[in-house]
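Raw data-v9.pdb, PDB, C-alpha atoms:
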ATOM      1  CA  MET A  25     -26.569  20.862 -17.929
ATOM      2  CA  GLU A  26     -27.394  17.217 -18.606
ATOM      3  CA  LEU A  27     -25.073  15.014 -20.617
ATOM      4  CA  ILE A  28     -27.510  12.117 -20.356
ATOM      5  CA  LYS A  29     -31.293  12.373 -20.227
ATOM      6  CA  ARG A  30     -32.939  11.665 -16.876
ATOM      7  CA  ASP A  31     -35.356   9.144 -18.414
ATOM      8  CA  ILE A  32     -32.528   6.807 -19.449
ATOM      9  CA  ASN A  33     -32.992   3.322 -18.034
ATOM     10  CA  ILE A  34     -29.774   1.310 -17.658
ATOM     11  CA  ASN A  35     -30.049  -1.818 -15.536
ATOM     12  CA  PHE A  36     -26.887  -1.350 -13.468
ATOM     13  CA  LEU A  37     -27.714  -4.105 -11.000
ATOM     14  CA  ALA A  38     -27.964  -6.652 -13.815
ATOM     15  CA  LYS A  39     -24.264  -6.043 -14.448
ATOM     16  CA  ARG A  40     -23.159  -6.456 -10.824
ATOM     17  CA  LYS A  41     -21.782  -9.989 -11.300
ATOM     18  CA  ALA A  42     -19.616  -8.855 -14.205
ATOM     19  CA  ALA A  43     -18.543  -5.820 -12.156
ATOM     20  CA  LEU A  44     -17.709  -8.082  -9.195
ATOM     21  CA  PHE A  45     -15.511 -10.266 -11.408
ATOM     22  CA  PHE A  46     -13.806  -7.186 -12.878
ATOM     23  CA  SER A  47     -13.140  -5.649  -9.447
ATOM     24  CA  LEU A  48     -11.856  -8.887  -7.944
ATOM     25  CA  SER A  49      -9.556  -9.331 -10.949
ATOM     26  CA  LEU A  50      -8.079  -5.848 -10.459
ATOM     27  CA  ILE A  51      -7.629  -6.431  -6.711
ATOM     28  CA  LEU A  52      -5.995  -9.828  -7.355
ATOM     29  CA  ILE A  53      -3.602  -8.272  -9.878
ATOM     30  CA  SER A  54      -2.814  -5.558  -7.328
ATOM     31  CA  PHE A  55      -1.957  -8.080  -4.604
ATOM     32  CA  ILE A  56       0.135 -10.159  -7.019
ATOM     33  CA  SER A  57       2.053  -7.001  -7.905
ATOM     34  CA  PHE A  58       2.538  -6.159  -4.200
ATOM     35  CA  VAL A  59       3.986  -9.621  -3.545
ATOM     36  CA  GLY A  60       6.036  -9.632  -6.759
ATOM     37  CA  HIS A  61       7.676  -6.313  -5.913
ATOM     38  CA  GLY A  62       8.227  -7.263  -2.277
ATOM     39  CA  GLY A  63       5.895  -4.550  -1.004
ATOM     40  CA  PHE A  64       5.543  -0.890  -1.887
ATOM     41  CA  ASN A  65       8.260   1.256  -3.374
ATOM     42  CA  PHE A  66       8.373   3.805  -0.563
ATOM     43  CA  GLY A  67       9.994   7.130  -1.331
ATOM     44  CA  LEU A  68      12.444   9.169   0.681
ATOM     45  CA  ASP A  69       9.656  10.483   2.951
ATOM     46  CA  PHE A  70       9.189   7.011   4.443
ATOM     47  CA  THR A  71      12.562   5.275   4.089
ATOM     48  CA  GLY A  72      14.908   8.053   5.182
ATOM     49  CA  GLY A  73      17.986   9.157   3.308
ATOM     50  CA  THR A  74      19.272  11.974   1.138
ATOM     51  CA  GLN A  75      17.956  13.239  -2.180
ATOM     52  CA  VAL A  76      19.854  15.618  -4.451
ATOM     53  CA  GLU A  77      18.488  17.159  -7.662
ATOM     54  CA  ILE A  78      21.279  18.370  -9.959
ATOM     55  CA  ASN A  79      21.067  20.327 -13.213
ATOM     56  CA  PHE A  80      24.052  19.837 -15.547
ATOM     57  CA  ALA A  81      24.928  22.299 -18.312
ATOM     58  CA  GLN A  82      25.332  19.357 -20.716
ATOM     59  CA  PRO A  83      23.603  15.946 -20.661
ATOM     60  CA  VAL A  84      25.438  13.177 -18.792
ATOM     61  CA  GLU A  85      25.079   9.407 -18.814
ATOM     62  CA  ILE A  86      23.559   7.795 -15.727
ATOM     63  CA  SER A  87      26.144   4.978 -16.007
ATOM     64  CA  GLU A  88      28.957   7.522 -15.656
ATOM     65  CA  ILE A  89      27.327   9.022 -12.556
ATOM     66  CA  ARG A  90      26.961   5.561 -11.020
ATOM     67  CA  ILE A  91      30.690   4.912 -11.525
ATOM     68  CA  VAL A  92      31.475   8.175  -9.713
ATOM     69  CA  LEU A  93      29.143   7.301  -6.821
ATOM     70  CA  GLY A  94      30.666   3.825  -6.646
ATOM     71  CA  ARG A  95      34.008   5.390  -5.802
ATOM     72  CA  ILE A  96      32.489   7.003  -2.695
ATOM     73  CA  ASN A  97      30.570   3.845  -1.674
ATOM     74  CA  LEU A  98      27.203   5.121  -2.956
ATOM     75  CA  GLY A  99      26.976   2.887  -6.031
ATOM     76  CA  ASN A 100      23.581   1.467  -4.935
ATOM     77  CA  SER A 101      21.928   4.886  -5.007
ATOM     78  CA  GLU A 102      18.887   5.414  -7.217
ATOM     79  CA  ILE A 103      19.782   7.652 -10.170
ATOM     80  CA  LYS A 104      17.257   8.852 -12.734
ATOM     81  CA  GLU A 105      16.592  11.645 -15.174
ATOM     82  CA  PHE A 106      14.274  14.267 -13.775
ATOM     83  CA  GLY A 107      12.459  16.039 -16.608
ATOM     84  CA  SER A 108      15.346  16.214 -19.093
ATOM     85  CA  PRO A 109      18.727  14.500 -19.714
ATOM     86  CA  ASN A 110      20.396  17.498 -18.039
ATOM     87  CA  GLU A 111      18.503  17.068 -14.762
ATOM     88  CA  ILE A 112      19.491  14.162 -12.531
ATOM     89  CA  LEU A 113      17.818  13.027  -9.300
ATOM     90  CA  ILE A 114      20.003  11.016  -6.919
ATOM     91  CA  THR A 115      18.424   9.232  -3.944
ATOM     92  CA  THR A 116      20.606   7.462  -1.373
ATOM     93  CA  GLU A 117      19.679   5.246   1.552
ATOM     94  CA  GLN A 118      20.392   6.425   5.082
ATOM     95  CA  MET A 119      24.074   5.865   5.903
ATOM     96  CA  GLU A 120      26.041   6.472   9.062
ATOM     97  CA  ASN A 121      29.449   8.102   9.572
ATOM     98  CA  ILE A 122      29.660   9.512   6.072
ATOM     99  CA  GLY A 123      29.351  13.185   6.979
ATOM    100  CA  SER A 124      27.387  15.388   4.612
ATOM    101  CA  ILE A 125      26.254  12.926   1.944
ATOM    102  CA  SER A 126      24.952  15.575  -0.430
ATOM    103  CA  LYS A 127      28.215  17.564  -0.227
ATOM    104  CA  THR A 128      30.200  14.367  -0.861
ATOM    105  CA  ILE A 129      28.097  13.584  -3.940
ATOM    106  CA  ILE A 130      28.330  17.110  -5.360
ATOM    107  CA  ASP A 131      32.106  17.371  -4.805
ATOM    108  CA  ALA A 132      32.676  14.005  -6.498
ATOM    109  CA  LEU A 133      30.542  14.967  -9.516
ATOM    110  CA  ARG A 134      32.189  18.365  -9.879
ATOM    111  CA  LEU A 135      35.598  16.708  -9.850
ATOM    112  CA  GLN A 136      34.595  14.108 -12.460
ATOM    113  CA  PHE A 137      32.690  16.502 -14.746
ATOM    114  CA  ALA A 138      34.956  19.509 -14.375
ATOM    115  CA  GLY A 139      34.132  20.791 -17.848
ATOM    116  CA  ASN A 140      30.379  20.414 -17.315
ATOM    117  CA  SER A 141      29.105  22.918 -14.771
ATOM    118  CA  LEU A 142      26.294  21.844 -12.472
ATOM    119  CA  ILE A 143      23.719  23.547 -10.302
ATOM    120  CA  VAL A 144      22.091  21.974  -7.235
ATOM    121  CA  ASN A 145      18.339  22.584  -7.547
ATOM    122  CA  ARG A 146      17.270  20.806  -4.380
ATOM    123  CA  GLU A 147      18.667  18.924  -1.396
ATOM    124  CA  GLU A 148      16.516  16.916   1.018
ATOM    125  CA  TYR A 149      17.378  14.830   4.034
ATOM    126  CA  VAL A 150      15.009  12.635   6.040
ATOM    127  CA  GLY A 151      16.127  10.600   9.037
ATOM    128  CA  PRO A 152      15.030   6.928   9.269
ATOM    129  CA  ARG A 153      13.153   7.568  12.529
ATOM    130  CA  ILE A 154      11.153  10.419  10.968
ATOM    131  CA  GLY A 155      10.458   8.259   7.918
ATOM    132  CA  SER A 156       9.086   5.458  10.116
ATOM    133  CA  GLU A 157       6.854   7.901  12.003
ATOM    134  CA  LEU A 158       5.541   9.373   8.750
ATOM    135  CA  LYS A 159       4.659   5.879   7.528
ATOM    136  CA  LYS A 160       2.665   5.178  10.708
ATOM    137  CA  ASP A 161       0.967   8.581  10.538
ATOM    138  CA  ALA A 162      -0.056   7.935   6.917
ATOM    139  CA  VAL A 163      -1.707   4.618   7.869
ATOM    140  CA  TYR A 164      -3.409   6.212  10.898
ATOM    141  CA  SER A 165      -4.729   9.158   8.877
ATOM    142  CA  ILE A 166      -6.309   6.938   6.220
ATOM    143  CA  SER A 167      -7.736   4.528   8.841
ATOM    144  CA  LEU A 168      -9.149   7.386  10.926
ATOM    145  CA  ALA A 169     -10.713   8.952   7.836
ATOM    146  CA  LEU A 170     -12.463   5.649   6.986
ATOM    147  CA  LEU A 171     -13.711   5.222  10.570
ATOM    148  CA  LEU A 172     -15.154   8.744  10.725
ATOM    149  CA  LEU A 173     -16.829   8.192   7.352
ATOM    150  CA  VAL A 174     -18.541   5.025   8.621
ATOM    151  CA  ILE A 175     -19.908   6.934  11.606
ATOM    152  CA  TYR A 176     -21.042   9.902   9.495
ATOM    153  CA  ILE A 177     -22.798   7.846   6.799
ATOM    154  CA  SER A 178     -24.424   5.563   9.370
ATOM    155  CA  ILE A 179     -25.908   8.591  11.154
ATOM    156  CA  ARG A 180     -27.008  10.448   8.014
ATOM    157  CA  PHE A 181     -28.276   7.410   6.110
ATOM    158  CA  GLN A 182     -28.204   3.798   7.306
ATOM    159  CA  PHE A 183     -25.428   1.389   8.215
ATOM    160  CA  LYS A 184     -25.833  -0.525   4.948
ATOM    161  CA  PHE A 185     -24.969   2.641   3.008
ATOM    162  CA  ALA A 186     -21.859   3.031   5.167
ATOM    163  CA  VAL A 187     -20.815  -0.550   4.374
ATOM    164  CA  GLY A 188     -21.193   0.072   0.637
ATOM    165  CA  ALA A 189     -19.287   3.369   0.781
ATOM    166  CA  ILE A 190     -16.382   1.972   2.818
ATOM    167  CA  VAL A 191     -15.983  -1.112   0.631
ATOM    168  CA  ALA A 192     -15.936   1.177  -2.424
ATOM    169  CA  LEU A 193     -13.315   3.438  -0.807
ATOM    170  CA  VAL A 194     -11.069   0.510   0.135
ATOM    171  CA  HIS A 195     -11.585  -0.842  -3.389
ATOM    172  CA  ASP A 196     -10.445   2.493  -4.894
ATOM    173  CA  VAL A 197      -7.388   2.851  -2.643
ATOM    174  CA  VAL A 198      -6.213  -0.758  -3.140
ATOM    175  CA  ILE A 199      -6.499  -0.584  -6.931
ATOM    176  CA  THR A 200      -4.776   2.823  -7.090
ATOM    177  CA  LEU A 201      -1.915   1.451  -4.988
ATOM    178  CA  GLY A 202      -1.901  -1.636  -7.203
ATOM    179  CA  VAL A 203      -1.406   0.517 -10.308
ATOM    180  CA  PHE A 204       1.468   2.305  -8.546
ATOM    181  CA  SER A 205       2.971  -1.072  -7.694
ATOM    182  CA  LEU A 206       2.623  -2.314 -11.289
ATOM    183  CA  PHE A 207       4.471   0.751 -12.617
ATOM    184  CA  ASP A 208       6.931   0.627  -9.676
ATOM    185  CA  LYS A 209       6.170   4.228  -8.736
ATOM    186  CA  GLU A 210       7.211   5.672  -5.389
ATOM    187  CA  ILE A 211       4.768   6.114  -2.517
ATOM    188  CA  THR A 212       5.453   9.548  -1.023
ATOM    189  CA  LEU A 213       3.571  11.959   1.224
ATOM    190  CA  SER A 214       2.072  13.611  -1.858
ATOM    191  CA  ILE A 215       0.659  10.228  -2.904
ATOM    192  CA  VAL A 216      -0.885   9.802   0.560
ATOM    193  CA  ALA A 217      -2.482  13.226   0.044
ATOM    194  CA  ALA A 218      -3.734  12.024  -3.354
ATOM    195  CA  LEU A 219      -5.239   8.890  -1.762
ATOM    196  CA  LEU A 220      -7.102  10.995   0.807
ATOM    197  CA  THR A 221      -8.320  13.219  -2.036
ATOM    198  CA  ILE A 222      -9.548  10.125  -3.884
ATOM    199  CA  VAL A 223     -11.361   8.970  -0.727
ATOM    200  CA  GLY A 224     -13.133  12.333  -0.489
ATOM    201  CA  TYR A 225     -13.996  12.391  -4.191
ATOM    202  CA  SER A 226     -15.330   8.831  -4.257
ATOM    203  CA  LEU A 227     -17.314   9.409  -1.066
ATOM    204  CA  ASN A 228     -18.929  12.548  -2.476
ATOM    205  CA  ASP A 229     -20.096  10.617  -5.536
ATOM    206  CA  THR A 230     -21.425   7.761  -3.410
ATOM    207  CA  ILE A 231     -23.296  10.096  -1.047
ATOM    208  CA  VAL A 232     -25.038  11.818  -3.989
ATOM    209  CA  VAL A 233     -26.347   8.434  -5.160
ATOM    210  CA  SER A 234     -27.267   7.397  -1.592
ATOM    211  CA  ASP A 235     -29.159  10.641  -1.047
ATOM    212  CA  ARG A 236     -31.133  10.083  -4.262
ATOM    213  CA  ILE A 237     -31.960   6.521  -3.181
ATOM    214  CA  ARG A 238     -33.242   7.823   0.160
ATOM    215  CA  GLU A 239     -35.448  10.380  -1.633
ATOM    216  CA  ASN A 240     -36.790   7.790  -4.084
ATOM    217  CA  ILE A 241     -37.655   5.363  -1.286
ATOM    218  CA  LYS A 242     -40.267   7.924  -0.175
ATOM    219  CA  ILE A 243     -41.391   8.813  -3.713
ATOM    220  CA  LEU A 244     -41.423   5.311  -5.261
ATOM    221  CA  ARG A 245     -42.953   3.465  -2.316
ATOM    222  CA  ARG A 246     -44.649   0.795  -4.416
ATOM    223  CA  GLU A 247     -41.487  -0.111  -6.322
ATOM    224  CA  THR A 248     -38.976  -2.745  -5.247
ATOM    225  CA  PHE A 249     -35.678  -1.679  -3.698
ATOM    226  CA  HIS A 250     -33.828  -2.926  -6.818
ATOM    227  CA  THR A 251     -35.951  -0.686  -9.057
ATOM    228  CA  ILE A 252     -35.433   2.296  -6.759
ATOM    229  CA  VAL A 253     -31.650   1.827  -6.793
ATOM    230  CA  ASN A 254     -31.542   1.502 -10.581
ATOM    231  CA  SER A 255     -33.703   4.607 -11.008
ATOM    232  CA  SER A 256     -31.465   6.567  -8.618
ATOM    233  CA  LEU A 257     -28.306   5.545 -10.472
ATOM    234  CA  ASN A 258     -29.823   6.577 -13.804
ATOM    235  CA  GLN A 259     -31.011   9.912 -12.422
ATOM    236  CA  THR A 260     -27.546  10.801 -11.084
ATOM    237  CA  LEU A 261     -25.601   9.350 -14.040
ATOM    238  CA  SER A 262     -25.341  12.631 -15.935
ATOM    239  CA  ARG A 263     -24.066  14.469 -12.864
ATOM    240  CA  THR A 264     -21.547  11.683 -12.132
ATOM    241  CA  ILE A 265     -20.096  11.687 -15.662
ATOM    242  CA  ILE A 266     -19.917  15.487 -15.966
ATOM    243  CA  THR A 267     -18.180  15.807 -12.576
ATOM    244  CA  SER A 268     -15.691  13.067 -13.432
ATOM    245  CA  LEU A 269     -14.872  14.416 -16.891
ATOM    246  CA  THR A 270     -14.374  18.015 -15.764
ATOM    247  CA  THR A 271     -12.149  16.892 -12.885
ATOM    248  CA  LEU A 272     -10.176  14.556 -15.128
ATOM    249  CA  MET A 273      -9.535  17.354 -17.630
ATOM    250  CA  VAL A 274      -7.765  19.409 -14.967
ATOM    251  CA  VAL A 275      -5.831  16.419 -13.619
ATOM    252  CA  VAL A 276      -4.682  15.347 -17.102
ATOM    253  CA  ILE A 277      -3.401  18.883 -17.757
ATOM    254  CA  LEU A 278      -1.519  18.749 -14.447
ATOM    255  CA  PHE A 279      -0.066  15.382 -15.440
ATOM    256  CA  LEU A 280       1.077  16.587 -18.863
ATOM    257  CA  PHE A 281       2.291  20.090 -18.045
ATOM    258  CA  GLY A 282       2.607  20.306 -14.250
ATOM    259  CA  GLY A 283       6.232  19.177 -14.044
ATOM    260  CA  GLU A 284       7.916  16.109 -12.600
ATOM    261  CA  ILE A 285       7.266  16.948  -8.958
ATOM    262  CA  ILE A 286       3.472  16.897  -9.351
ATOM    263  CA  LYS A 287       3.257  14.213 -12.067
ATOM    264  CA  ASP A 288       2.855  11.203  -9.745
ATOM    265  CA  PHE A 289       0.266  13.094  -7.662
ATOM    266  CA  ALA A 290      -1.735  13.832 -10.828
ATOM    267  CA  PHE A 291      -1.330  10.229 -12.018
ATOM    268  CA  ALA A 292      -2.746   8.923  -8.723
ATOM    269  CA  LEU A 293      -5.743  11.242  -9.081
ATOM    270  CA  MET A 294      -6.317  10.136 -12.691
ATOM    271  CA  VAL A 295      -6.445   6.491 -11.644
ATOM    272  CA  GLY A 296      -8.446   7.196  -8.474
ATOM    273  CA  ILE A 297     -11.094   9.371 -10.134
ATOM    274  CA  THR A 298     -11.625   6.810 -12.898
ATOM    275  CA  ILE A 299     -11.904   3.904 -10.446
ATOM    276  CA  GLY A 300     -13.955   6.019  -8.022
ATOM    277  CA  THR A 301     -16.533   6.837 -10.699
ATOM    278  CA  TYR A 302     -16.799   3.161 -11.577
ATOM    279  CA  SER A 303     -17.069   2.057  -7.934
ATOM    280  CA  SER A 304     -19.880   4.487  -7.091
ATOM    281  CA  LEU A 305     -21.972   2.853  -9.832
ATOM    282  CA  PHE A 306     -20.914  -0.794  -9.701
ATOM    283  CA  VAL A 307     -19.443  -1.406  -6.228
ATOM    284  CA  ALA A 308     -21.046   0.767  -3.539
ATOM    285  CA  THR A 309     -24.710   0.462  -4.545
ATOM    286  CA  PRO A 310     -24.669  -3.281  -5.363
ATOM    287  CA  ILE A 311     -23.272  -3.872  -1.872
ATOM    288  CA  VAL A 312     -26.091  -1.775  -0.396
ATOM    289  CA  VAL A 313     -28.569  -3.898  -2.359
ATOM    290  CA  ALA A 314     -26.897  -7.147  -1.224
ATOM    291  CA  PHE A 315     -26.997  -5.935   2.399
ATOM    292  CA  HIS A 316     -30.667  -4.956   1.985
ATOM    293  CA  ASP A 317     -31.574  -8.343   0.460
ATOM    294  CA  ARG A 318     -29.840 -10.131   3.316
ATOM    295  CA  GLN A 319     -31.811  -8.120   5.879
ATOM    296  CA  GLU A 320     -35.075  -8.837   4.051
ATOM    297  CA  ASN A 321     -34.319 -12.565   3.900
ATOM    298  CA  LYS A 322     -33.691 -12.585   7.647
ATOM    299  CA  LYS A 323     -37.063 -10.872   8.235
ATOM    300  CA  LYS A 324     -38.819 -13.471   6.097
ATOM    301  CA  LEU A 325     -37.165 -16.317   8.013
ATOM    302  CA  ARG A 326     -38.255 -14.787  11.309
ATOM    303  CA  LYS A 327     -41.849 -14.568  10.104
ATOM    304  CA  LEU A 328     -41.768 -18.196   8.968
ATOM    305  CA  VAL A 329     -40.403 -19.300  12.340
TER     306      VAL A 329
END
Could I get this file's structure written as structure tokens?
Amino acid sequence: MELIKRDININFLAKRKAALFFSLSLILISFISFVGHGGFNFGLDFTGGTQVEINFAQPVEISEIRIVLGRINLGNSEIKEFGSPNEILITTEQMENIGSISKTIIDALRLQFAGNSLIVNREEYVGPRIGSELKKDAVYSISLALLLLVIYISIRFQFKFAVGAIVALVHDVVITLGVFSLFDKEITLSIVAALLTIVGYSLNDTIVVSDRIRENIKILRRETFHTIVNSSLNQTLSRTIITSLTTLMVVVILFLFGGEIIKDFAFALMVGITIGTYSSLFVATPIVVAFHDRQENKKKLRKLV
């Protein structure tokens, strides 16, 4: 199936300056958001603490719950609706010498809302030491994945293709995290899993284009490298769009109907797939071309010398 004809001829490289400005703008906005929010909004997995999900028989006001928690010195806890006004998610920071925090919270709420029965759907506890280790492991896993990708692409193709792919991957991850920062969404282990999924998805798209460029270098020997790259992008455009659209359909359905627990994971994939599709066309390959042009210019200078 082809959504776009193979003989289409879009000059992608002619738009690389506009794409560079667009990408730099998104990255700048991301960094401004990081600084403005004082860093990432790390979830319970990384900060440590206790999380309790409670289902009330009747809706309750968050302000009333905060008053109750204030009486037991937990007034600074994060309280939010979780799916419906009846479901409340309470997240507390790690505290010492308070005993069972979740039991203290539940007992206080049952006493205050005696006529409104409640059910505890979920209780989670993460120690601060474990949270710190998980944060380090998340950084190591993403860094190791990028390093292994550089080695793999350099062996299978050339180093310049590895440079383009890695820059595109970093571009995708930074912008996805920037969107999370803008919307003040939590970074949890599931989001780290989503980021690694985005890395794999974006890399797959980039490798398809790189493989076509390698084939066309042999077929279109008389053409310039710029022409070969443009032809390769046009030839793989239909496949890129179809893959992105079909994947996005599933992710959007997950986002709309998958429930609160998986919503942020699906949101990260929606952003990452969209940015990843863009970067494989307008970030990775232009960098390969820029790297190639630099190498050619060096060869010319050597000949002149």
With all atoms listed in the file as the counted atoms, please give the residues lying no more than 10 Å from Glu85 (chain A), apart from itself and same-chain residues fewer than 5 positions off, as a count of residues only. 6
Which one of A:Ile143, A:Leu220, A:Ile56, A:Val76 sits closest to Leu293 (chain A) if you count all atoms listed in the file?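 Checking each candidate against Leu293 (chain A), we get A:Leu220 as the closest.
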So what do you get for CA of Leu257 (chain A) versus CA of Val197 (chain A), distance-wise?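 Calculated distance between CA of Leu257 (chain A) and CA of Val197 (chain A) is 22.5 Å.
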Go through A:Glu111, A:Glu148, A:Asp161, A:Glu88 one by one, measure the shortest atom-to-atom distance of each to Leu133 (chain A) using all atoms listed in the file, and give the residue with the smallest value. A:Glu88
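CA of Ile286 (chain A) to CA of Ser87 (chain A) spans 26.5 Å [interatomic distance, one decimal].
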Expand the PyMOL selection byres ((chain A and resi 199) around 9) into the individual residues it matches in the shown file, reporting them as a list of chain:residue names.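 So the PyMOL selection byres ((chain A and resi 199) around 9) ends up selecting A:Ser47, A:Leu50, A:Ile51, A:Ile53, A:Ser54, A:Val194, A:His195, A:Asp196, A:Val197, A:Val198, A:Thr200, A:Leu201, A:Gly202, A:Val203, A:Phe204, A:Val295, A:Gly296, A:Ile299.
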Please, could you write that set of residues out with C-alpha atoms as a CSV table (one decimal), in the frame of the given file?
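Writing the result to selection.csv gives the following:
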chain,number,residue,atom,x,y,z
A,47,SER,CA,-13.1,-5.6,-9.4
A,50,LEU,CA,-8.1,-5.8,-10.5
A,51,ILE,CA,-7.6,-6.4,-6.7
A,53,ILE,CA,-3.6,-8.3,-9.9
A,54,SER,CA,-2.8,-5.6,-7.3
A,194,VAL,CA,-11.1,0.5,0.1
A,195,HIS,CA,-11.6,-0.8,-3.4
A,196,ASP,CA,-10.4,2.5,-4.9
A,197,VAL,CA,-7.4,2.9,-2.6
A,198,VAL,CA,-6.2,-0.8,-3.1
A,200,THR,CA,-4.8,2.8,-7.1
A,201,LEU,CA,-1.9,1.5,-5.0
A,202,GLY,CA,-1.9,-1.6,-7.2
A,203,VAL,CA,-1.4,0.5,-10.3
A,204,PHE,CA,1.5,2.3,-8.5
A,295,VAL,CA,-6.4,6.5,-11.6
A,296,GLY,CA,-8.4,7.2,-8.5
A,299,ILE,CA,-11.9,3.9,-10.4
Could you expand the PyMOL selection byres ((chain A and resi 96-98) around 10) into the explicit residues it covers here, written as a ChimeraX atom specification? /A:90-95,99-102,115-117,119,122,125,128-129,132
Dump C-alpha atoms for the selected residues as a JSON list (two decimals), keeping the file's coordinate frame?
[["chain", "number", "residue", "atom", "x", "y", "z"],
["A", 90, "ARG", "CA", 26.96, 5.56, -11.02],
["A", 91, "ILE", "CA", 30.69, 4.91, -11.52],
["A", 92, "VAL", "CA", 31.48, 8.18, -9.71],
["A", 93, "LEU", "CA", 29.14, 7.30, -6.82],
["A", 94, "GLY", "CA", 30.67, 3.82, -6.65],
["A", 95, "ARG", "CA", 34.01, 5.39, -5.80],
["A", 99, "GLY", "CA", 26.98, 2.89, -6.03],
["A", 100, "ASN", "CA", 23.58, 1.47, -4.93],
["A", 101, "SER", "CA", 21.93, 4.89, -5.01],
["A", 102, "GLU", "CA", 18.89, 5.41, -7.22],
["A", 115, "THR", "CA", 18.42, 9.23, -3.94],
["A", 116, "THR", "CA", 20.61, 7.46, -1.37],
["A", 117, "GLU", "CA", 19.68, 5.25, 1.55],
["A", 119, "MET", "CA", 24.07, 5.86, 5.90],
["A", 122, "ILE", "CA", 29.66, 9.51, 6.07],
["A", 125, "ILE", "CA", 26.25, 12.93, 1.94],
["A", 128, "THR", "CA", 30.20, 14.37, -0.86],
["A", 129, "ILE", "CA", 28.10, 13.58, -3.94],
["A", 132, "ALA", "CA", 32.68, 14.00, -6.50]]
Gap from CA of Leu206 (chain A) to CA of Ser57 (chain A) - Å, one decimal: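 Taking CA of Leu206 (chain A) as the start and CA of Ser57 (chain A) as the end point, the length is 5.8 Å.
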Nearest to Tyr302 (chain A) among A:Phe80, A:Phe185, A:Phe46, A:Phe207, with distances taken over all atoms listed in the file: which residue is it?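 Of all the options, A:Phe46 lies closest to Tyr302 (chain A).
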Residues within 6 Å of (-32.5, -0.8, -6.1), counting all atoms listed in the file, listed as a list in words: Phe249, His250, Thr251, Ile252, Val253 and Asn254 of chain A
For this structure, which residues satisfy the selection - the PyMOL selection byres ((chain A and resi 313) around 10) - when it is evaluated on the file as given? I want them as a list in words.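 Listing what the PyMOL selection byres ((chain A and resi 313) around 10) selects in the shown file: Leu37, Lys184, Phe185, Gly188, Phe249, His250, Val253, Ala308, Thr309, Pro310, Ile311, Val312, Ala314, Phe315, His316, Asp317, Arg318 and Gln319 of chain A.
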Neighbour list for Leu193 (chain A) as a CSV table (one decimal) with C-alpha atoms, in the frame of the given file, cut-off 8 Å, only C-alpha atoms, skip fewer than 4 positions in-chain:
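Result went into result-v6.csv, see below:
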chain,number,residue,atom,x,y,z
A,189,ALA,CA,-19.3,3.4,0.8
A,197,VAL,CA,-7.4,2.9,-2.6
A,223,VAL,CA,-11.4,9.0,-0.7
A,226,SER,CA,-15.3,8.8,-4.3
A,227,LEU,CA,-17.3,9.4,-1.1
A,300,GLY,CA,-14.0,6.0,-8.0
With all atoms listed in the file as the atoms that count, which of A:Asn240, A:Asn321, A:Ser255, A:Asn228 lies nearest to Ser268 (chain A)?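 Distance minimum relative to Ser268 (chain A) lands on A:Asn228.
With all atoms listed in the file as the basis for measurement, A:Asn65 is the residue among A:Ser49, A:Asn65, A:Ser303, A:Asn33 that approaches Thr212 (chain A) most closely.
Proximity ranking of A:Ile215, A:Ser205, A:Ser304, A:Phe281 relative to Phe58 (chain A) places A:Ser205 first, based on only C-alpha atoms.
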Box for region 133-136 of chain A - axis-aligned, 4 Å on each of the six sides, all listed atoms - centre and size in Å to one decimal, as AutoDock Vina command-line options.
--center_x 33.1 --center_y 16.2 --center_z -11.0 --size_x 13.1 --size_y 12.3 --size_z 10.9
Completed region 122-131 of chain A (N, CA and C atoms) as a PDB file, in the frame of the given file:
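Result saved to result.pdb:
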ATOM      1  N   ILE A 122      29.181   9.103   7.385  1.00  0.00           N
ATOM      2  CA  ILE A 122      29.660   9.512   6.072  1.00  0.00           C
ATOM      3  C   ILE A 122      29.707  11.028   5.944  1.00  0.00           C
ATOM      4  N   GLY A 123      29.329  11.728   7.027  1.00  0.00           N
ATOM      5  CA  GLY A 123      29.351  13.185   6.979  1.00  0.00           C
ATOM      6  C   GLY A 123      28.202  13.705   6.152  1.00  0.00           C
ATOM      7  N   SER A 124      28.423  14.802   5.460  1.00  0.00           N
ATOM      8  CA  SER A 124      27.387  15.388   4.612  1.00  0.00           C
ATOM      9  C   SER A 124      27.354  14.629   3.293  1.00  0.00           C
ATOM     10  N   ILE A 125      26.342  13.770   3.141  1.00  0.00           N
ATOM     11  CA  ILE A 125      26.254  12.926   1.944  1.00  0.00           C
ATOM     12  C   ILE A 125      26.090  13.770   0.692  1.00  0.00           C
ATOM     13  N   SER A 126      25.203  14.756   0.751  1.00  0.00           N
ATOM     14  CA  SER A 126      24.952  15.575  -0.430  1.00  0.00           C
ATOM     15  C   SER A 126      26.216  16.318  -0.856  1.00  0.00           C
ATOM     16  N   LYS A 127      26.982  16.850   0.104  1.00  0.00           N
ATOM     17  CA  LYS A 127      28.215  17.564  -0.227  1.00  0.00           C
ATOM     18  C   LYS A 127      29.232  16.612  -0.844  1.00  0.00           C
ATOM     19  N   THR A 128      29.279  15.374  -0.323  1.00  0.00           N
ATOM     20  CA  THR A 128      30.200  14.367  -0.861  1.00  0.00           C
ATOM     21  C   THR A 128      29.852  14.036  -2.309  1.00  0.00           C
ATOM     22  N   ILE A 129      28.554  13.892  -2.581  1.00  0.00           N
ATOM     23  CA  ILE A 129      28.097  13.584  -3.940  1.00  0.00           C
ATOM     24  C   ILE A 129      28.436  14.731  -4.890  1.00  0.00           C
ATOM     25  N   ILE A 130      28.121  15.945  -4.491  1.00  0.00           N
ATOM     26  CA  ILE A 130      28.330  17.110  -5.360  1.00  0.00           C
ATOM     27  C   ILE A 130      29.812  17.323  -5.647  1.00  0.00           C
ATOM     28  N   ASP A 131      30.657  17.197  -4.609  1.00  0.00           N
ATOM     29  CA  ASP A 131      32.106  17.371  -4.805  1.00  0.00           C
ATOM     30  C   ASP A 131      32.661  16.329  -5.764  1.00  0.00           C
TER      31      ASP A 131
END
